[in-house]
file query_13.cif (mmCIF, C-alpha atoms)
data_entry
#
loop_
_atom_site.label_atom_id
_atom_site.label_comp_id
_atom_site.auth_asym_id
_atom_site.auth_seq_id
_atom_site.Cartn_x
_atom_site.Cartn_y
_atom_site.Cartn_z
CA MET N 14 -13.13 -26.94 11.32
CA ASP N 15 -16.04 -26.58 13.69
CA SER N 16 -19.44 -25.10 12.99
CA ARG N 17 -18.97 -21.80 14.79
CA SER N 18 -19.73 -18.78 12.63
CA HIS N 19 -16.77 -16.54 11.94
CA ASP N 20 -19.20 -13.62 11.91
CA THR N 21 -20.05 -14.06 15.58
CA PRO N 22 -16.81 -14.37 17.51
CA ALA N 23 -16.97 -15.71 21.04
CA ALA N 24 -16.42 -12.69 23.32
CA ARG N 25 -14.95 -13.57 26.69
CA THR N 26 -13.31 -11.97 29.72
CA LEU N 27 -10.20 -13.22 31.53
CA GLU N 28 -9.36 -12.03 35.04
CA VAL N 29 -5.62 -11.28 35.32
CA PRO N 30 -3.66 -9.47 38.03
CA GLY N 31 -4.92 -5.89 38.08
CA ALA N 32 -7.19 -6.16 35.03
CA ARG N 33 -10.05 -7.86 33.22
CA LEU N 34 -9.11 -8.66 29.64
CA HIS N 35 -11.72 -8.61 26.89
CA TYR N 36 -10.85 -11.08 24.15
CA GLU N 37 -12.53 -12.67 21.15
CA VAL N 38 -12.05 -16.07 19.55
CA ARG N 39 -12.88 -17.04 15.97
CA GLY N 40 -12.47 -20.17 13.89
CA ASP N 41 -10.58 -23.38 14.52
CA GLY N 42 -7.10 -24.69 13.84
CA PRO N 43 -3.62 -23.54 14.90
CA LEU N 44 -3.70 -20.60 17.31
CA LEU N 45 -2.92 -17.19 15.81
CA VAL N 46 -2.99 -14.10 18.02
CA LEU N 47 -3.48 -10.63 16.53
CA VAL N 48 -2.57 -7.82 18.90
CA GLY N 49 -1.98 -4.08 18.91
CA ALA N 50 -1.21 -1.48 21.54
CA PRO N 51 -3.17 0.69 21.89
CA MET N 52 -5.29 -0.70 19.04
CA ASP N 53 -8.12 -2.87 20.34
CA ALA N 54 -9.67 -6.07 19.02
CA GLY N 55 -12.04 -4.19 16.71
CA ALA N 56 -9.22 -2.91 14.52
CA PHE N 57 -8.21 -6.49 13.74
CA ALA N 58 -11.72 -7.87 13.17
CA PRO N 59 -11.71 -7.88 9.32
CA LEU N 60 -8.29 -9.57 9.27
CA ALA N 61 -9.38 -12.03 11.97
CA GLU N 62 -12.49 -13.00 9.98
CA LEU N 63 -10.33 -13.94 7.00
CA LEU N 64 -7.76 -15.88 9.00
CA ALA N 65 -10.44 -17.76 10.95
CA ALA N 66 -11.02 -19.93 7.88
CA ASP N 67 -8.01 -22.04 8.89
CA HIS N 68 -6.88 -20.77 12.31
CA THR N 69 -8.18 -20.23 15.81
CA VAL N 70 -7.78 -16.45 15.91
CA LEU N 71 -7.56 -14.58 19.19
CA THR N 72 -7.90 -10.80 19.37
CA THR N 73 -7.95 -8.72 22.53
CA ASP N 74 -8.27 -5.22 23.94
CA PRO N 75 -4.95 -4.52 25.72
CA ARG N 76 -5.23 -3.77 29.42
CA GLY N 77 -6.78 -0.37 30.08
CA ILE N 78 -8.08 -0.03 26.51
CA ASN N 79 -11.79 -0.09 25.61
CA ARG N 80 -13.38 -3.15 27.25
CA SER N 81 -10.33 -4.32 29.24
CA GLY N 82 -10.76 -2.56 32.58
CA LEU N 83 -8.09 -1.86 35.18
CA ASP N 84 -8.18 -1.97 38.96
CA ASP N 85 -5.85 1.05 38.96
CA PRO N 86 -6.47 3.41 36.01
CA ALA N 87 -3.18 5.18 36.78
CA GLN N 88 -1.15 2.03 36.12
CA ASP N 89 1.34 2.30 33.27
CA SER N 90 0.99 -0.21 30.44
CA THR N 91 4.43 -1.81 30.06
CA PRO N 92 5.47 -4.38 27.46
CA GLU N 93 6.15 -6.86 30.28
CA LEU N 94 2.62 -6.50 31.69
CA ARG N 95 1.06 -6.87 28.25
CA ALA N 96 3.27 -9.90 27.52
CA ASP N 97 2.12 -11.53 30.74
CA ASP N 98 -1.48 -10.88 29.71
CA LEU N 99 -0.88 -12.53 26.34
CA ALA N 100 0.74 -15.56 27.97
CA ARG N 101 -2.28 -15.94 30.26
CA LEU N 102 -4.68 -15.67 27.30
CA VAL N 103 -2.79 -18.37 25.38
CA GLU N 104 -2.82 -20.59 28.47
CA ALA N 105 -6.54 -20.01 28.99
CA LEU N 106 -7.31 -21.20 25.47
CA GLY N 107 -5.18 -24.30 25.89
CA ARG N 108 -4.05 -24.20 22.27
CA GLY N 109 -0.51 -22.92 22.60
CA PRO N 110 2.15 -22.28 21.71
CA ALA N 111 0.79 -19.59 19.39
CA ALA N 112 1.86 -17.63 16.38
CA VAL N 113 1.53 -13.94 17.21
CA LEU N 114 1.21 -10.98 14.89
CA GLY N 115 1.89 -7.82 16.87
CA SER N 116 1.59 -4.44 15.22
CA SER N 117 3.16 -1.20 16.46
CA GLY N 118 3.03 -1.27 20.27
CA GLY N 119 1.56 -4.75 19.93
CA ALA N 120 4.77 -5.81 18.19
CA VAL N 121 6.64 -4.65 21.30
CA SER N 122 4.23 -6.74 23.41
CA ALA N 123 4.88 -9.77 21.19
CA LEU N 124 8.65 -9.37 21.46
CA ALA N 125 8.35 -9.12 25.24
CA LEU N 126 6.24 -12.30 25.13
CA ALA N 127 9.02 -14.13 23.28
CA GLN N 128 11.58 -12.76 25.72
CA HIS N 129 9.73 -13.52 28.96
CA HIS N 130 7.30 -16.35 28.05
CA PRO N 131 8.95 -18.26 25.20
CA LYS N 132 6.90 -21.41 25.79
CA ALA N 133 3.72 -19.50 24.91
CA VAL N 134 4.79 -18.54 21.38
CA HIS N 135 6.50 -20.36 18.52
CA THR N 136 6.48 -17.50 16.00
CA VAL N 137 6.41 -13.72 16.44
CA VAL N 138 5.70 -11.48 13.48
CA ALA N 139 6.71 -8.07 14.82
CA HIS N 140 5.10 -5.59 12.43
CA GLU N 141 6.73 -2.15 12.71
CA PRO N 142 7.60 -1.95 16.43
CA PRO N 143 8.50 1.65 17.42
CA LEU N 144 11.72 0.73 19.25
CA ILE N 145 13.54 4.05 19.08
CA GLU N 146 16.31 2.93 21.44
CA LEU N 147 17.75 0.90 18.54
CA LEU N 148 18.42 4.04 16.48
CA GLU N 149 21.43 6.34 16.52
CA ASP N 150 19.23 9.42 16.90
CA ARG N 151 17.50 7.91 19.95
CA ASP N 152 18.19 10.94 22.14
CA ALA N 153 16.38 13.30 19.78
CA LEU N 154 13.53 10.83 19.34
CA ARG N 155 13.19 10.37 23.09
CA LYS N 156 13.05 14.15 23.52
CA GLY N 157 10.43 14.41 20.79
CA THR N 158 8.33 11.72 22.47
CA GLU N 159 8.49 13.50 25.81
CA GLU N 160 7.48 16.79 24.17
CA THR N 161 4.57 15.07 22.42
CA VAL N 162 3.27 13.57 25.65
CA ARG N 163 3.70 16.84 27.54
CA THR N 164 1.84 18.77 24.82
CA TYR N 165 -1.06 16.34 25.00
CA LEU N 166 -1.25 16.34 28.78
CA ASP N 167 -1.21 20.16 28.72
CA GLY N 168 -4.43 20.01 26.71
CA ASP N 169 -3.24 20.69 23.14
CA VAL N 170 -4.59 17.59 21.41
CA THR N 171 -4.04 18.63 17.80
CA GLY N 172 -0.64 20.03 18.69
CA ALA N 173 0.36 16.71 20.24
CA TRP N 174 -0.77 14.75 17.20
CA ARG N 175 1.07 17.20 14.95
CA LYS N 176 4.27 16.50 16.89
CA PHE N 177 3.57 12.77 16.86
CA PHE N 178 3.25 12.57 13.08
CA THR N 179 6.34 14.72 12.62
CA ASN N 180 8.36 12.44 14.89
CA ALA N 181 6.95 9.39 13.09
CA GLY N 182 7.98 10.70 9.69
CA ILE N 183 4.38 10.72 8.49
CA ASN N 184 3.33 13.73 6.44
CA LEU N 185 -0.30 14.63 7.05
CA PRO N 186 -1.71 17.95 5.81
CA GLU N 187 -2.83 20.34 8.54
CA PRO N 188 -6.53 20.22 7.48
CA VAL N 189 -6.48 16.43 7.84
CA ILE N 190 -5.07 16.64 11.36
CA GLU N 191 -7.67 19.25 12.31
CA GLU N 192 -10.47 17.11 10.86
CA MET N 193 -9.26 13.96 12.65
CA PHE N 194 -8.54 15.42 16.08
CA GLY N 195 -9.96 18.93 16.32
CA GLY N 196 -13.71 18.38 16.25
CA GLU N 197 -16.34 16.29 17.97
CA ARG N 198 -14.93 12.91 18.85
CA ASP N 199 -16.07 9.58 20.24
CA PRO N 200 -15.64 9.56 24.06
CA ARG N 201 -14.32 5.98 24.04
CA GLN N 202 -11.70 6.87 21.46
CA VAL N 203 -10.67 9.90 23.49
CA ALA N 204 -10.37 7.85 26.69
CA ASP N 205 -8.15 5.27 24.97
CA GLU N 206 -6.09 8.04 23.41
CA GLN N 207 -5.57 9.72 26.79
CA ARG N 208 -4.42 6.45 28.31
CA TRP N 209 -1.99 5.88 25.44
CA PHE N 210 -0.38 9.29 25.75
CA ALA N 211 -0.25 9.27 29.55
CA HIS N 212 0.53 5.65 30.36
CA GLU N 213 1.67 3.68 27.30
CA MET N 214 3.53 5.55 24.57
CA ARG N 215 6.77 6.06 26.46
CA ALA N 216 6.85 2.52 27.89
CA SER N 217 6.53 1.01 24.41
CA SER N 218 8.83 3.39 22.53
CA PHE N 219 11.58 3.38 25.16
CA TRP N 220 11.57 -0.39 25.68
CA GLN N 221 14.93 -2.04 25.14
CA PRO N 222 14.68 -5.68 24.09
CA ASP N 223 17.20 -8.19 25.37
CA LEU N 224 18.73 -8.84 21.97
CA ALA N 225 20.91 -11.71 23.16
CA ALA N 226 17.92 -13.47 24.72
CA LEU N 227 15.81 -13.03 21.60
CA ARG N 228 18.62 -14.22 19.34
CA SER N 229 19.06 -17.39 21.40
CA ALA N 230 15.36 -18.09 21.93
CA ALA N 231 13.64 -21.00 20.21
CA THR N 232 10.89 -18.61 19.10
CA ARG N 233 11.05 -17.73 15.42
CA ILE N 234 11.05 -13.95 15.01
CA VAL N 235 10.07 -12.27 11.76
CA VAL N 236 10.22 -8.48 11.47
CA GLY N 237 7.44 -7.05 9.31
CA VAL N 238 7.64 -3.78 7.40
CA GLY N 239 5.00 -2.08 5.28
CA GLU N 240 5.80 -1.66 1.63
CA ASP N 241 4.49 1.92 1.82
CA SER N 242 6.31 2.81 5.06
CA ALA N 243 9.72 3.56 3.55
CA GLY N 244 11.49 6.34 5.45
CA GLN N 245 8.98 6.46 8.31
CA LEU N 246 10.16 6.00 11.87
CA CYS N 247 8.74 2.50 12.27
CA ASP N 248 10.34 1.43 9.01
CA ARG N 249 13.68 2.55 10.43
CA THR N 250 13.15 0.85 13.80
CA SER N 251 12.00 -2.37 12.11
CA LEU N 252 15.06 -2.53 9.90
CA ALA N 253 17.29 -1.82 12.91
CA LEU N 254 15.63 -4.63 14.88
CA ALA N 255 15.99 -7.13 12.04
CA GLU N 256 19.67 -6.25 11.69
CA ALA N 257 20.31 -6.44 15.44
CA LEU N 258 18.65 -9.86 15.70
CA GLY N 259 19.78 -11.24 12.37
CA ALA N 260 16.07 -11.94 11.90
CA GLU N 261 13.96 -12.55 8.85
CA ARG N 262 12.33 -9.52 7.27
CA ALA N 263 8.94 -9.68 5.59
CA VAL N 264 7.35 -6.95 3.53
CA PHE N 265 3.59 -6.55 4.04
CA PRO N 266 1.03 -4.64 1.96
CA GLY N 267 0.32 -1.04 2.92
CA ASP N 268 1.95 1.04 5.59
CA HIS N 269 1.83 1.04 9.39
CA THR N 270 -1.84 0.02 9.39
CA GLY N 271 -1.85 -2.12 6.26
CA PHE N 272 -3.98 -4.80 7.96
CA VAL N 273 -6.78 -2.22 8.29
CA GLU N 274 -6.44 -0.75 4.81
CA ASP N 275 -6.33 -4.05 2.89
CA PRO N 276 -7.03 -7.00 5.18
CA GLU N 277 -7.31 -9.52 2.33
CA ALA N 278 -3.86 -8.79 0.96
CA PHE N 279 -2.44 -8.65 4.46
CA ALA N 280 -4.02 -12.00 5.38
CA THR N 281 -2.53 -13.65 2.31
CA ARG N 282 0.93 -12.37 3.17
CA LEU N 283 0.62 -13.27 6.86
CA ARG N 284 -0.45 -16.83 6.03
CA SER N 285 2.61 -17.27 3.83
CA VAL N 286 4.95 -15.86 6.49
CA VAL N 287 3.54 -17.98 9.32
CA SER N 288 3.41 -21.18 7.26
CA ALA N 289 7.01 -20.70 6.08
CA GLY N 290 8.17 -21.55 9.59
#
call {"tool": "encode", "arguments": {"input": "query_13.cif", "output": "structure tokens"}}
result
Amino acid sequence: MDSRSHDTPAARTLEVPGARLHYEVRGDGPLLVLVGAPMDAGAFAPLAELLAADHTVLTTDPRGINRSGLDDPAQDSTPELRADDLARLVEALGRGPAAVLGSSGGAVSALALAQHHPKAVHTVVAHEPPLIELLEDRDALRKGTEETVRTYLDGDVTGAWRKFFTNAGINLPEPVIEEMFGGERDPRQVADEQRWFAHEMRASSFWQPDLAALRSAATRIVVGVGEDSAGQLCDRTSLALAEALGAERAVFPGDHTGFVEDPEAFATRLRSVVSAG
């Protein structure tokens, strides 16, 4: 292990087609990538600090989010574009192939990475990818997603989030939704939220993985589910993905954002899952 402090990650920028990717590197050892969509690098920082004790940990802001600027702000953020970005980041570090933990839309990015750039990744831990096309009620879920996006773009922010949580099977009391989304908010958070609703949510949720390609790939795929996510949409999509791939399933602490709520417990579980390969 080198002498770099885990408390001061090396922040860098990588020029890629159409974007400038902000990414951060901590620690030393085997390469482990932590990625969300639309979550940025900051959401993974506590988990990254813990894992940097025995890994080189890469975190990044996905294209168009926070510090990763776009040449064309109207460009949609597709899983294929984000996978290409991840492959370029791994290549830039020169430490691949990597293990990748992707959460939510980041899990979709990680699956697309395994599908399109298998040499860049040896293990994908896909934590609760929202792949609604794998479910029997996909038509209703697709309609609900379209209604959610339309509500947001029409200017009803709290109404859109209300629909989102209903579709996701997450029960939040109305006062909590109003407190979270109805008052004064951080402009950066709002900008990232607008991009997600307008240019990312549908591309991630409607993505259809090439199941045959993923089943035959050399990349090890583990599907992660939160122990507190039972019955939620992403629990259902995760179980459907694991069944469709015949993939390993791993239960992680917490719910959809367990790595934020209890990073220590999540780090312990992630280490055991990655090392089991």
call {"tool": "resolve_selection", "arguments": {"input": "query_13.cif", "expression": "the PyMOL selection byres ((chain N and resi 46) around 8)", "output": "list in words"}}
result
Leu44, Leu45, Leu47, Val48, Val70, Leu71, Thr72, Ala111, Ala112, Val113 and Leu114 of chain N
call {"tool": "atom_distance", "arguments": {"input": "query_13.cif", "atom1": "CA of Ser81 (chain N)", "atom2": "CA of Arg33 (chain N)"}}
result
5.3 Å
call {"tool": "closest_atom_pairs", "arguments": {"input": "query_13.cif", "of": "region 115-150 of chain N", "to": "region 268-283 of chain N", "cutoff": "12 Å", "atoms": "only C-alpha atoms", "output": "Markdown table"}}
result
| residue | atom | partner | partner_atom | distance |
| --- | --- | --- | --- | --- |
| N:Gly115 | CA | N:Phe272 | CA | 11.1 |
| N:Ser116 | CA | N:His269 | CA | 8.0 |
| N:Ser117 | CA | N:His269 | CA | 7.5 |
| N:Gly118 | CA | N:His269 | CA | 11.2 |
| N:Ala120 | CA | N:His269 | CA | 11.5 |
| N:Thr136 | CA | N:Leu283 | CA | 11.7 |
| N:Val137 | CA | N:Leu283 | CA | 11.2 |
| N:Val138 | CA | N:Leu283 | CA | 8.5 |
| N:Ala139 | CA | N:Leu283 | CA | 11.3 |
| N:His140 | CA | N:His269 | CA | 8.0 |
| N:Glu141 | CA | N:His269 | CA | 6.7 |
| N:Pro142 | CA | N:His269 | CA | 9.6 |
| N:Pro143 | CA | N:His269 | CA | 10.5 |
call {"tool": "closest_residue", "arguments": {"input": "query_13.cif", "among": "N:Phe177, N:Tyr165, N:Trp209, N:Phe194", "to": "Pro86 (chain N)", "atoms": "all atoms listed in the file"}}
result
N:Trp209
call {"tool": "resolve_selection", "arguments": {"input": "query_13.cif", "expression": "the PyMOL selection byres ((chain N and resi 53) around 9)", "output": "NGL selection string"}}
result
:N and (48-52 or 54-57 or 72-75 or 78-80)
call {"tool": "closest_atom_pairs", "arguments": {"input": "query_13.cif", "of": "region 147-200 of chain N", "to": "region 242-251 of chain N", "cutoff": "8 Å", "atoms": "only C-alpha atoms", "output": "tab-separated table"}}
result
residue	atom	partner	partner_atom	distance
N:Leu147	CA	N:Thr250	CA	6.6
N:Leu148	CA	N:Thr250	CA	6.7
N:Asn180	CA	N:Leu246	CA	7.3
N:Ala181	CA	N:Leu246	CA	4.8
N:Gly182	CA	N:Gln245	CA	4.6
N:Ile183	CA	N:Gln245	CA	6.3
call {"tool": "axis_aligned_box", "arguments": {"input": "query_13.cif", "around": "region 29-35 of chain N", "padding_each_side": "8 Å", "output": "JSON"}}
result
{"center_x": -7.7, "center_y": -8.6, "center_z": 32.5, "size_x": 24.1, "size_y": 21.4, "size_z": 27.2}
call {"tool": "decode", "arguments": {"input": "query_13.cif", "residues": "region 63-103 of chain N", "atoms": "C-alpha atoms", "output": "JSON list (two decimals), in the first residue's frame"}}
result
[["chain", "number", "residue", "atom", "x", "y", "z"],
["N", 63, "LEU", "CA", -13.26, 2.17, 3.84],
["N", 64, "LEU", "CA", -12.48, 0.08, 0.78],
["N", 65, "ALA", "CA", -9.34, 2.08, -0.01],
["N", 66, "ALA", "CA", -7.57, 0.25, 2.82],
["N", 67, "ASP", "CA", -6.98, -2.67, 0.45],
["N", 68, "HIS", "CA", -8.16, -1.55, -3.00],
["N", 69, "THR", "CA", -7.58, 1.15, -5.56],
["N", 70, "VAL", "CA", -11.06, 2.66, -5.49],
["N", 71, "LEU", "CA", -12.38, 4.72, -8.38],
["N", 72, "THR", "CA", -15.51, 6.84, -8.07],
["N", 73, "THR", "CA", -16.90, 9.16, -10.71],
["N", 74, "ASP", "CA", -19.63, 11.64, -11.55],
["N", 75, "PRO", "CA", -21.54, 10.11, -14.49],
["N", 76, "ARG", "CA", -21.59, 12.20, -17.65],
["N", 77, "GLY", "CA", -23.77, 15.29, -17.29],
["N", 78, "ILE", "CA", -23.94, 15.00, -13.50],
["N", 79, "ASN", "CA", -22.30, 17.50, -11.13],
["N", 80, "ARG", "CA", -18.66, 17.97, -12.19],
["N", 81, "SER", "CA", -18.78, 15.85, -15.39],
["N", 82, "GLY", "CA", -19.68, 18.39, -18.06],
["N", 83, "LEU", "CA", -21.19, 17.71, -21.48],
["N", 84, "ASP", "CA", -20.55, 19.28, -24.86],
["N", 85, "ASP", "CA", -24.28, 18.89, -25.58],
["N", 86, "PRO", "CA", -26.45, 19.27, -22.45],
["N", 87, "ALA", "CA", -29.42, 17.85, -24.38],
["N", 88, "GLN", "CA", -27.68, 14.51, -24.92],
["N", 89, "ASP", "CA", -29.44, 11.53, -23.37],
["N", 90, "SER", "CA", -27.45, 9.45, -20.90],
["N", 91, "THR", "CA", -27.69, 5.86, -22.14],
["N", 92, "PRO", "CA", -26.25, 2.76, -20.46],
["N", 93, "GLU", "CA", -24.02, 2.22, -23.51],
["N", 94, "LEU", "CA", -22.52, 5.73, -23.25],
["N", 95, "ARG", "CA", -21.93, 5.35, -19.53],
["N", 96, "ALA", "CA", -20.38, 1.90, -20.06],
["N", 97, "ASP", "CA", -18.00, 3.35, -22.63],
["N", 98, "ASP", "CA", -17.04, 6.05, -20.12],
["N", 99, "LEU", "CA", -16.31, 3.42, -17.47],
["N", 100, "ALA", "CA", -14.19, 1.39, -19.89],
["N", 101, "ARG", "CA", -12.16, 4.51, -20.72],
["N", 102, "LEU", "CA", -11.68, 5.29, -17.01],
["N", 103, "VAL", "CA", -10.44, 1.76, -16.31]]
